[in-house]
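S.K.: Dropping in protein.cif, with mmCIF, C-alpha atoms and all ligand atoms.
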data_model
loop_
_atom_site.label_atom_id
_atom_site.label_comp_id
_atom_site.auth_asym_id
_atom_site.auth_seq_id
_atom_site.Cartn_x
_atom_site.Cartn_y
_atom_site.Cartn_z
CA MET A 1 35.67 73.43 60.79
CA SER A 2 32.84 72.52 63.09
CA PHE A 3 32.52 70.66 66.37
CA PRO A 4 34.68 69.65 68.23
CA ILE A 5 37.10 72.33 66.84
CA THR A 6 34.48 75.08 66.91
CA ARG A 7 32.74 75.64 70.20
CA MET A 8 30.50 78.71 70.20
CA ARG A 9 30.16 78.56 73.95
CA ARG A 10 33.85 79.59 74.45
CA LEU A 11 33.04 83.27 74.02
CA ARG A 12 30.01 83.12 76.30
CA ARG A 13 31.81 81.90 79.40
CA SER A 14 31.94 85.12 81.41
CA ALA A 15 30.29 88.51 81.54
CA LYS A 16 33.59 90.18 80.56
CA LEU A 17 33.99 87.98 77.51
CA ARG A 18 30.41 88.55 76.48
CA ASP A 19 30.88 92.31 76.83
CA LEU A 20 34.08 92.13 74.80
CA VAL A 21 32.40 90.52 71.80
CA ALA A 22 29.00 92.22 72.04
CA GLU A 23 27.93 93.59 68.64
CA THR A 24 25.26 96.00 69.80
CA THR A 25 25.36 98.71 72.43
CA LEU A 26 22.44 100.71 73.65
CA THR A 27 23.20 104.12 75.11
CA VAL A 28 21.06 106.88 76.51
CA ASN A 29 22.02 108.91 73.43
CA ASP A 30 19.82 106.63 71.32
CA LEU A 31 16.63 107.48 73.17
CA LEU A 32 13.88 109.93 72.37
CA TYR A 33 11.10 110.31 74.94
CA PRO A 34 7.52 110.99 73.74
CA MET A 35 5.43 113.17 76.09
CA PHE A 36 1.82 114.37 76.29
CA VAL A 37 0.90 117.99 76.98
CA VAL A 38 -2.53 119.14 78.17
CA GLU A 39 -4.12 122.47 79.04
CA GLY A 40 -4.30 123.75 82.61
CA LYS A 41 -1.91 124.34 85.48
CA GLY A 42 -0.35 121.91 87.90
CA VAL A 43 -1.80 118.97 85.97
CA VAL A 44 -0.15 115.53 86.13
CA GLN A 45 -2.62 112.92 84.84
CA PRO A 46 -1.58 109.27 84.75
CA VAL A 47 -2.53 107.40 81.56
CA GLY A 48 -4.38 104.29 82.72
CA SER A 49 -3.18 101.92 80.03
CA MET A 50 0.41 103.21 80.19
CA PRO A 51 1.66 102.92 83.78
CA GLY A 52 4.54 105.34 84.36
CA VAL A 53 3.34 107.75 81.64
CA ASP A 54 1.55 110.98 82.56
CA ARG A 55 -0.05 113.88 80.74
CA PHE A 56 1.39 117.21 81.88
CA SER A 57 0.26 120.80 81.75
CA VAL A 58 2.98 123.11 80.43
CA ASP A 59 4.31 124.10 83.88
CA LYS A 60 4.64 120.46 84.96
CA LEU A 61 6.05 119.49 81.57
CA VAL A 62 8.89 121.92 82.16
CA GLU A 63 9.75 120.20 85.45
CA GLU A 64 9.51 116.78 83.86
CA CYS A 65 11.76 117.86 80.98
CA GLN A 66 14.34 119.00 83.53
CA ALA A 67 14.28 115.51 85.03
CA VAL A 68 14.51 113.92 81.58
CA ALA A 69 17.51 116.08 80.65
CA ALA A 70 19.18 115.30 83.99
CA LEU A 71 19.03 111.61 83.05
CA GLY A 72 21.03 112.41 79.93
CA ILE A 73 18.19 111.76 77.48
CA PRO A 74 18.97 113.98 74.48
CA ALA A 75 15.53 114.50 72.97
CA VAL A 76 11.80 114.61 73.66
CA MET A 77 8.74 114.53 71.43
CA PHE A 78 5.58 116.46 72.26
CA PHE A 79 1.99 115.46 71.54
CA GLY A 80 -0.53 118.19 72.30
CA ILE A 81 -4.06 117.64 73.55
CA PRO A 82 -5.98 120.89 72.98
CA ALA A 83 -8.91 122.13 75.07
CA LYS A 84 -11.10 122.37 71.97
CA LYS A 85 -11.19 120.29 68.81
CA ASP A 86 -12.75 121.34 65.51
CA PRO A 87 -13.13 119.90 61.99
CA LEU A 88 -10.06 121.78 60.71
CA GLY A 89 -7.82 120.97 63.67
CA ARG A 90 -6.98 124.62 64.25
CA GLY A 91 -5.16 123.87 67.49
CA ALA A 92 -2.48 122.03 65.51
CA TYR A 93 -1.22 125.12 63.69
CA ALA A 94 -2.20 128.04 65.93
CA ASP A 95 0.87 130.05 66.97
CA ASP A 96 -0.45 130.03 70.54
CA GLY A 97 -1.54 126.37 70.42
CA ILE A 98 -0.63 123.93 73.17
CA VAL A 99 2.53 122.61 71.49
CA PRO A 100 4.08 126.01 70.58
CA ARG A 101 3.46 127.11 74.19
CA ALA A 102 5.08 123.94 75.49
CA ILE A 103 8.07 124.40 73.18
CA ARG A 104 8.61 128.02 74.26
CA ALA A 105 8.42 127.17 77.95
CA VAL A 106 10.72 124.13 77.80
CA ARG A 107 13.11 125.85 75.38
CA LYS A 108 13.64 128.57 77.97
CA ALA A 109 14.00 126.34 81.02
CA VAL A 110 15.96 123.45 79.46
CA PRO A 111 17.88 125.06 76.59
CA ASP A 112 19.86 122.08 75.35
CA LEU A 113 17.14 119.42 75.31
CA LEU A 114 16.23 118.62 71.70
CA LEU A 115 12.54 119.39 71.15
CA VAL A 116 10.89 117.33 68.43
CA PRO A 117 7.16 117.99 68.12
CA ASP A 118 5.01 115.39 66.42
CA VAL A 119 3.20 117.01 63.48
CA CYS A 120 -0.29 115.61 62.96
CA MET A 121 -3.95 116.63 63.04
CA CYS A 122 -5.62 113.71 64.83
CA GLU A 123 -5.34 115.16 68.35
CA TYR A 124 -6.86 118.44 67.12
CA THR A 125 -9.70 117.41 64.82
CA ASP A 126 -13.12 116.60 66.27
CA HIS A 127 -13.38 113.58 63.93
CA GLY A 128 -9.96 112.29 65.05
CA HIS A 129 -8.48 111.80 61.58
CA CYS A 130 -4.94 112.86 60.68
CA GLY A 131 -6.08 115.45 58.14
CA ILE A 132 -9.21 117.31 57.11
CA ILE A 133 -12.24 115.46 55.85
CA ASP A 134 -13.86 115.82 52.46
CA LYS A 135 -16.64 113.38 51.46
CA ASN A 136 -15.80 110.91 54.22
CA ASP A 137 -12.14 110.74 53.24
CA VAL A 138 -9.05 112.59 54.38
CA HIS A 139 -8.29 115.17 51.70
CA ASN A 140 -4.58 114.72 51.04
CA ASP A 141 -3.53 117.97 49.41
CA ALA A 142 -5.59 120.23 51.66
CA SER A 143 -4.27 118.43 54.72
CA ILE A 144 -0.59 118.76 53.85
CA GLU A 145 -0.96 122.54 53.66
CA LEU A 146 -2.18 122.59 57.24
CA LEU A 147 0.51 120.16 58.35
CA ALA A 148 3.12 122.50 56.87
CA LYS A 149 1.53 125.38 58.79
CA ALA A 150 1.81 123.34 61.98
CA ALA A 151 5.46 122.47 61.34
CA LEU A 152 6.21 126.14 60.74
CA ALA A 153 4.43 127.21 63.93
CA TYR A 154 6.57 124.73 65.90
CA ALA A 155 9.79 125.85 64.23
CA LYS A 156 8.94 129.47 65.06
CA ALA A 157 8.33 128.49 68.67
CA GLY A 158 11.81 126.99 68.84
CA ALA A 159 11.55 123.31 67.84
CA ASP A 160 14.85 121.62 66.92
CA MET A 161 13.24 119.23 64.45
CA VAL A 162 9.73 118.34 63.26
CA ALA A 163 8.24 114.86 62.93
CA PRO A 164 5.20 114.45 60.64
CA SER A 165 3.20 111.33 61.57
CA ASP A 166 0.11 111.76 59.37
CA MET A 167 1.10 109.55 56.38
CA MET A 168 -0.28 111.94 53.76
CA ASP A 169 1.49 111.86 50.40
CA GLY A 170 3.81 114.76 49.74
CA ARG A 171 3.79 116.18 53.24
CA VAL A 172 7.55 116.06 53.67
CA MET A 173 8.05 118.22 50.58
CA GLU A 174 5.30 120.61 51.63
CA ILE A 175 6.84 120.99 55.09
CA ARG A 176 10.38 121.34 53.70
CA GLU A 177 9.24 124.13 51.39
CA ALA A 178 7.34 125.95 54.13
CA LEU A 179 10.30 125.78 56.51
CA ASP A 180 12.80 126.88 53.86
CA GLU A 181 10.69 129.81 52.69
CA ALA A 182 10.47 131.10 56.25
CA GLY A 183 14.20 130.79 56.91
CA TYR A 184 14.12 127.49 58.79
CA GLU A 185 16.17 125.57 56.24
CA HIS A 186 18.38 124.30 59.09
CA ILE A 187 15.53 122.48 60.86
CA PRO A 188 15.57 118.73 60.08
CA ILE A 189 12.52 116.60 59.31
CA MET A 190 12.18 113.18 60.89
CA SER A 191 9.39 111.59 58.90
CA TYR A 192 7.23 108.74 60.07
CA ALA A 193 8.02 107.17 56.71
CA ALA A 194 6.78 103.61 57.19
CA LYS A 195 3.93 103.93 59.64
CA TYR A 196 1.55 101.00 59.78
CA ALA A 197 -2.19 100.98 60.51
CA SER A 198 -1.54 99.19 63.78
CA ALA A 199 -3.67 97.96 66.65
CA PHE A 200 -0.64 98.62 68.86
CA TYR A 201 -1.58 102.33 68.97
CA GLY A 202 -4.57 101.62 71.25
CA PRO A 203 -3.25 103.05 74.53
CA PHE A 204 -1.88 106.15 72.75
CA ARG A 205 -5.33 107.04 71.50
CA GLU A 206 -6.52 107.06 75.11
CA ALA A 207 -3.57 109.27 76.11
CA ALA A 208 -3.99 111.66 73.17
CA GLU A 209 -7.79 111.42 72.85
CA SER A 210 -7.21 110.89 69.16
CA ALA A 211 -9.23 107.81 68.20
CA PRO A 212 -10.98 108.31 64.85
CA GLN A 213 -14.70 108.97 65.42
CA PHE A 214 -15.64 107.10 62.26
CA GLY A 215 -13.79 104.54 60.16
CA ASP A 216 -10.11 103.84 60.70
CA ARG A 217 -6.72 104.94 59.39
CA LYS A 218 -6.23 102.17 56.84
CA ALA A 219 -6.71 104.53 53.89
CA TYR A 220 -3.52 106.39 54.82
CA GLN A 221 -1.41 104.26 57.16
CA MET A 222 0.28 101.15 55.78
CA ASP A 223 -1.08 97.63 55.56
CA PRO A 224 0.81 95.32 57.98
CA ARG A 225 1.05 92.71 55.22
CA ASN A 226 3.40 94.86 53.15
CA GLY A 227 7.17 95.19 53.30
CA ALA A 228 8.33 96.35 49.87
CA GLU A 229 5.84 99.21 50.10
CA ALA A 230 7.68 100.47 53.18
CA LEU A 231 10.84 100.84 51.12
CA ARG A 232 8.93 102.92 48.56
CA GLU A 233 7.51 105.11 51.32
CA VAL A 234 10.99 105.65 52.73
CA GLU A 235 12.49 106.36 49.32
CA LEU A 236 9.81 108.96 48.55
CA ASP A 237 10.27 110.72 51.89
CA ILE A 238 14.02 110.89 51.31
CA GLU A 239 13.44 112.37 47.83
CA GLU A 240 11.12 114.94 49.40
CA GLY A 241 13.77 115.97 51.89
CA ALA A 242 13.47 113.80 55.01
CA ASP A 243 16.63 113.83 57.13
CA ILE A 244 15.69 110.88 59.36
CA VAL A 245 13.21 108.15 58.46
CA MET A 246 11.13 106.29 60.99
CA VAL A 247 9.56 102.85 61.11
CA LYS A 248 6.57 102.40 63.41
CA PRO A 249 5.69 100.26 65.40
CA ALA A 250 9.07 98.73 66.25
CA LEU A 251 9.09 95.21 67.67
CA PRO A 252 6.51 93.65 65.31
CA TYR A 253 8.29 95.38 62.39
CA LEU A 254 11.96 94.57 63.03
CA ASP A 255 12.18 93.13 59.52
CA ILE A 256 11.18 96.52 58.12
CA ILE A 257 13.73 98.35 60.29
CA SER A 258 16.39 95.97 59.06
CA ARG A 259 15.46 96.34 55.38
CA VAL A 260 15.36 100.12 55.63
CA ARG A 261 18.75 100.11 57.37
CA GLU A 262 20.26 97.97 54.63
CA GLN A 263 18.88 99.93 51.75
CA PHE A 264 19.32 103.55 52.88
CA ASP A 265 22.20 105.51 54.37
CA LEU A 266 20.45 108.08 56.49
CA PRO A 267 19.63 107.76 60.20
CA VAL A 268 16.80 105.36 60.95
CA ALA A 269 14.43 105.84 63.87
CA ALA A 270 12.03 103.26 65.29
CA TYR A 271 9.00 104.00 67.45
CA GLN A 272 8.29 101.49 70.20
CA VAL A 273 4.62 102.39 70.48
CA SER A 274 2.11 102.55 73.30
CA GLY A 275 0.79 99.00 72.84
CA GLU A 276 4.30 97.54 72.93
CA TYR A 277 4.88 99.43 76.18
CA ALA A 278 1.52 98.43 77.67
CA MET A 279 2.08 94.74 76.96
CA VAL A 280 5.35 94.71 78.89
CA LYS A 281 3.79 96.64 81.77
CA ALA A 282 0.73 94.39 81.96
CA ALA A 283 2.66 91.12 81.85
CA ALA A 284 5.17 92.43 84.40
CA GLU A 285 2.37 93.56 86.72
CA LYS A 286 1.05 90.01 86.66
CA GLY A 287 4.50 88.76 87.53
CA TRP A 288 4.73 86.82 84.27
CA ILE A 289 7.89 88.47 82.94
CA ASP A 290 10.87 90.37 84.33
CA HIS A 291 10.07 93.99 83.52
CA ASP A 292 13.55 95.43 83.31
CA ARG A 293 15.05 92.56 81.38
CA VAL A 294 12.23 92.50 78.83
CA MET A 295 12.44 96.29 78.46
CA MET A 296 16.20 96.21 77.81
CA GLU A 297 16.01 93.17 75.55
CA SER A 298 13.36 94.79 73.38
CA LEU A 299 15.34 98.04 73.11
CA ILE A 300 18.55 96.17 72.25
CA SER A 301 16.68 94.16 69.62
CA ILE A 302 15.36 97.32 67.98
CA LYS A 303 18.91 98.69 67.94
CA ARG A 304 20.34 95.43 66.58
CA ALA A 305 17.75 95.45 63.79
CA GLY A 306 19.25 98.76 62.65
CA ALA A 307 17.62 101.67 64.44
CA ASP A 308 19.89 104.60 65.35
CA ILE A 309 17.18 106.34 67.36
CA ILE A 310 14.49 104.70 69.47
CA LEU A 311 11.36 106.57 70.45
CA THR A 312 10.18 104.89 73.61
CA TYR A 313 8.03 105.50 76.67
CA PHE A 314 10.68 103.48 78.52
CA ALA A 315 13.28 106.21 77.93
CA LYS A 316 13.46 107.38 81.55
CA GLN A 317 13.31 103.89 83.01
CA ALA A 318 15.96 102.62 80.60
CA ALA A 319 18.19 105.65 81.13
CA LYS A 320 18.27 104.88 84.85
CA LEU A 321 19.60 101.39 84.09
CA LEU A 322 22.13 102.45 81.47
C1 LIG A 401 -0.57 110.48 65.41
C2 LIG A 401 0.24 109.48 66.09
C3 LIG A 401 -0.14 108.22 66.60
C4 LIG A 401 0.97 107.70 67.26
C5 LIG A 401 1.99 108.62 67.10
N1 LIG A 401 1.53 109.70 66.35
C6 LIG A 401 -1.44 107.54 66.62
C7 LIG A 401 -2.10 107.08 65.41
O1 LIG A 401 -1.60 107.14 64.30
O2 LIG A 401 -3.25 106.67 65.59
C8 LIG A 401 1.00 106.40 68.01
C9 LIG A 401 2.00 106.33 69.10
C10 LIG A 401 1.82 105.21 70.04
O3 LIG A 401 0.96 104.33 69.91
O4 LIG A 401 2.61 105.21 70.98
N2 LIG A 401 -0.96 110.22 64.13
#
As structure tokens - that is how I would like this structure written.
Ligand code: PBG

M.R.:
Amino acid sequence: MSFPITRMRRLRRSAKLRDLVAETTLTVNDLLYPMFVVEGKGVVQPVGSMPGVDRFSVDKLVEECQAVAALGIPAVMFFGIPAKKDPLGRGAYADDGIVPRAIRAVRKAVPDLLLVPDVCMCEYTDHGHCGIIDKNDVHNDASIELLAKAALAYAKAGADMVAPSDMMDGRVMEIREALDEAGYEHIPIMSYAAKYASAFYGPFREAAESAPQFGDRKAYQMDPRNGAEALREVELDIEEGADIVMVKPALPYLDIISRVREQFDLPVAAYQVSGEYAMVKAAAEKGWIDHDRVMMESLISIKRAGADIILTYFAKQAAKLL
């Protein structure tokens, strides 16, 4: 029966009523904080296009991780920026590379923070692609061997989980096998399963110095026009052994998050990427939007769409409000 019997406004009359009927709750437990690690000592470098985000040397990263853990944030992701890049991205899988060193140091100082290194080659290769190059193309099967080596190096250093973001075919299986063979069968894989070739990654590439030096990533990341293809990507990663599947970016791809949530039963993560963060910061700086309200509304929307885990540069700022 509709109006005047039904009046939707009845349940919106007070904050208590609205809280009582709210369908979605965001908690600090949902947040995963991505962080950038650089070489050196005592380094804290602000990222120009991402106000509030810094790049830390390992010693400073440890301090920052203590602050992150004190806010109740359960997990962090590390992106490493090596001193030297080369065509084979050796820094990605060296046992004494920047990320394994970061993991060991943070593991020791903040034992119960979940450490989830990103597994990719683009920060480590001089050409900036997510794998190794053969005839102007990323060679899939050679690249996944190196990605598996990287995942193993991070597991050995003490990672709690690994997160491949390269979008090569078969990398989840390759990583699963490498981890299992070495006795790390208990380490989960969170795969960037539906990762789009997105212009929203712009500020990240400044932070990680990982812009491709020729071409783009459209031959391995997904075409923004496609939705059904995302479900195939997710299905394949699950078959290969993914424990958590991720959709990335988040806000422009809420439909994908929602479809993945409906079709699959495992935890779904969504990555609110650097460009999404930068847009909120820039508009707020101009006084055009209310920073905190837009931040919380976007996080709640990602949760409502179906994400269990949100990777966000807002993690600390949101945790303070929660
Ligand atoms: C590495 C990687 C990227 C991001 C996460 N992992 C960049 C890319 O694919 O170019 C983007 C994160 C962000 O924009 O915040 N492959």

S.K.: Please identify every polymer residue within 6 Å of ligand LIG 401 (chain A), using all atoms listed in the file, and present the set as a PDB file with C-alpha atoms, in the coordinates of the input.

M.R.:
ATOM      1  CA  CYS A 120      -0.290 115.610  62.960  1.00  0.00           C
ATOM      2  CA  CYS A 122      -5.620 113.710  64.830  1.00  0.00           C
ATOM      3  CA  CYS A 130      -4.940 112.860  60.680  1.00  0.00           C
ATOM      4  CA  SER A 165       3.200 111.330  61.570  1.00  0.00           C
ATOM      5  CA  ASP A 166       0.110 111.760  59.370  1.00  0.00           C
ATOM      6  CA  TYR A 201      -1.580 102.330  68.970  1.00  0.00           C
ATOM      7  CA  PHE A 204      -1.880 106.150  72.750  1.00  0.00           C
ATOM      8  CA  VAL A 273       4.620 102.390  70.480  1.00  0.00           C
ATOM      9  CA  SER A 274       2.110 102.550  73.300  1.00  0.00           C
TER      10      SER A 274
END

S.K.: Counting all atoms listed in the file, note down every residue that has an atom within 12 Å of the point (-11.7, 126.2, 69.6) (file coordinates), as a list in words.

M.R.: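 Selection result: Pro82, Ala83, Lys84, Lys85, Asp86, Pro87, Leu88, Gly89, Arg90, Gly91, Ala92, Ala94, Asp96, Gly97, Ile98, Tyr124, Thr125 and Asp126 of chain A.
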
S.K.: Could you pull the residues within 12 Å of Ile175 (chain A), counting all atoms listed in the file, minus those fewer than 3 positions along the same chain, as a PyMOL selection string?

M.R.: chain A and resi 119-120+143-155+161-164+168-172+178-182+184-185+187-191+237+240-242

S.K.: Find the residue from A:Gly128, A:Glu297, A:Arg176, A:Asp292 that sits nearest to Gly215 (chain A); use all atoms listed in the file when measuring.

M.R.: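 For Gly215 (chain A), the nearest of the candidates is A:Gly128.
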
S.K.: Closest to Val28 (chain A) among A:Ala75, A:Val280, A:Pro4, A:Lys218, using all atoms listed in the file?

M.R.: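 That would be A:Ala75, the residue with the smallest distance to Val28 (chain A).
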
S.K.: Figure out the distance between CA of Val106 (chain A) and CA of Gly52 (chain A), please, to one decimal in Å.

M.R.: 20.8 Å

S.K.: Tell me, as a short mmCIF file (atom, residue, chain, number, x, y, z; two decimals) with C-alpha atoms, in the frame of the given file, which residues lie within 12 Å of Phe78 (chain A), counting all atoms listed in the file; anything in the same chain fewer than 5 positions away does not count.

M.R.:
data_model
loop_
_atom_site.label_atom_id
_atom_site.label_comp_id
_atom_site.auth_asym_id
_atom_site.auth_seq_id
_atom_site.Cartn_x
_atom_site.Cartn_y
_atom_site.Cartn_z
CA LEU A 32 13.88 109.93 72.37
CA TYR A 33 11.10 110.31 74.94
CA PRO A 34 7.52 110.99 73.74
CA MET A 35 5.43 113.17 76.09
CA PHE A 36 1.82 114.37 76.29
CA VAL A 37 0.90 117.99 76.98
CA VAL A 38 -2.53 119.14 78.17
CA ARG A 55 -0.05 113.88 80.74
CA PHE A 56 1.39 117.21 81.88
CA SER A 57 0.26 120.80 81.75
CA VAL A 58 2.98 123.11 80.43
CA LEU A 61 6.05 119.49 81.57
CA VAL A 62 8.89 121.92 82.16
CA CYS A 65 11.76 117.86 80.98
CA ALA A 92 -2.48 122.03 65.51
CA ILE A 98 -0.63 123.93 73.17
CA VAL A 99 2.53 122.61 71.49
CA PRO A 100 4.08 126.01 70.58
CA ARG A 101 3.46 127.11 74.19
CA ALA A 102 5.08 123.94 75.49
CA ILE A 103 8.07 124.40 73.18
CA VAL A 106 10.72 124.13 77.80
CA LEU A 114 16.23 118.62 71.70
CA LEU A 115 12.54 119.39 71.15
CA VAL A 116 10.89 117.33 68.43
CA PRO A 117 7.16 117.99 68.12
CA ASP A 118 5.01 115.39 66.42
CA VAL A 119 3.20 117.01 63.48
CA CYS A 120 -0.29 115.61 62.96
CA GLU A 123 -5.34 115.16 68.35
CA TYR A 154 6.57 124.73 65.90
CA ALA A 159 11.55 123.31 67.84
CA ASP A 160 14.85 121.62 66.92
CA MET A 161 13.24 119.23 64.45
CA VAL A 162 9.73 118.34 63.26
CA ALA A 163 8.24 114.86 62.93
CA PRO A 164 5.20 114.45 60.64
CA ALA A 208 -3.99 111.66 73.17
CA LEU A 311 11.36 106.57 70.45
#

S.K.: I need the residue nearest Tyr196 (chain A) from this list: A:Lys248, A:Arg9, A:Lys156, A:Lys286. Use all atoms listed in the file for the distance.

M.R.: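 That would be A:Lys248, the residue with the smallest distance to Tyr196 (chain A).
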
S.K.: For CA of Asp134 (chain A) and CA of Ser210 (chain A), quote the distance in Å rounded to one decimal.

M.R.: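 According to the coordinates, CA of Asp134 (chain A) and CA of Ser210 (chain A) are separated by 18.6 Å.
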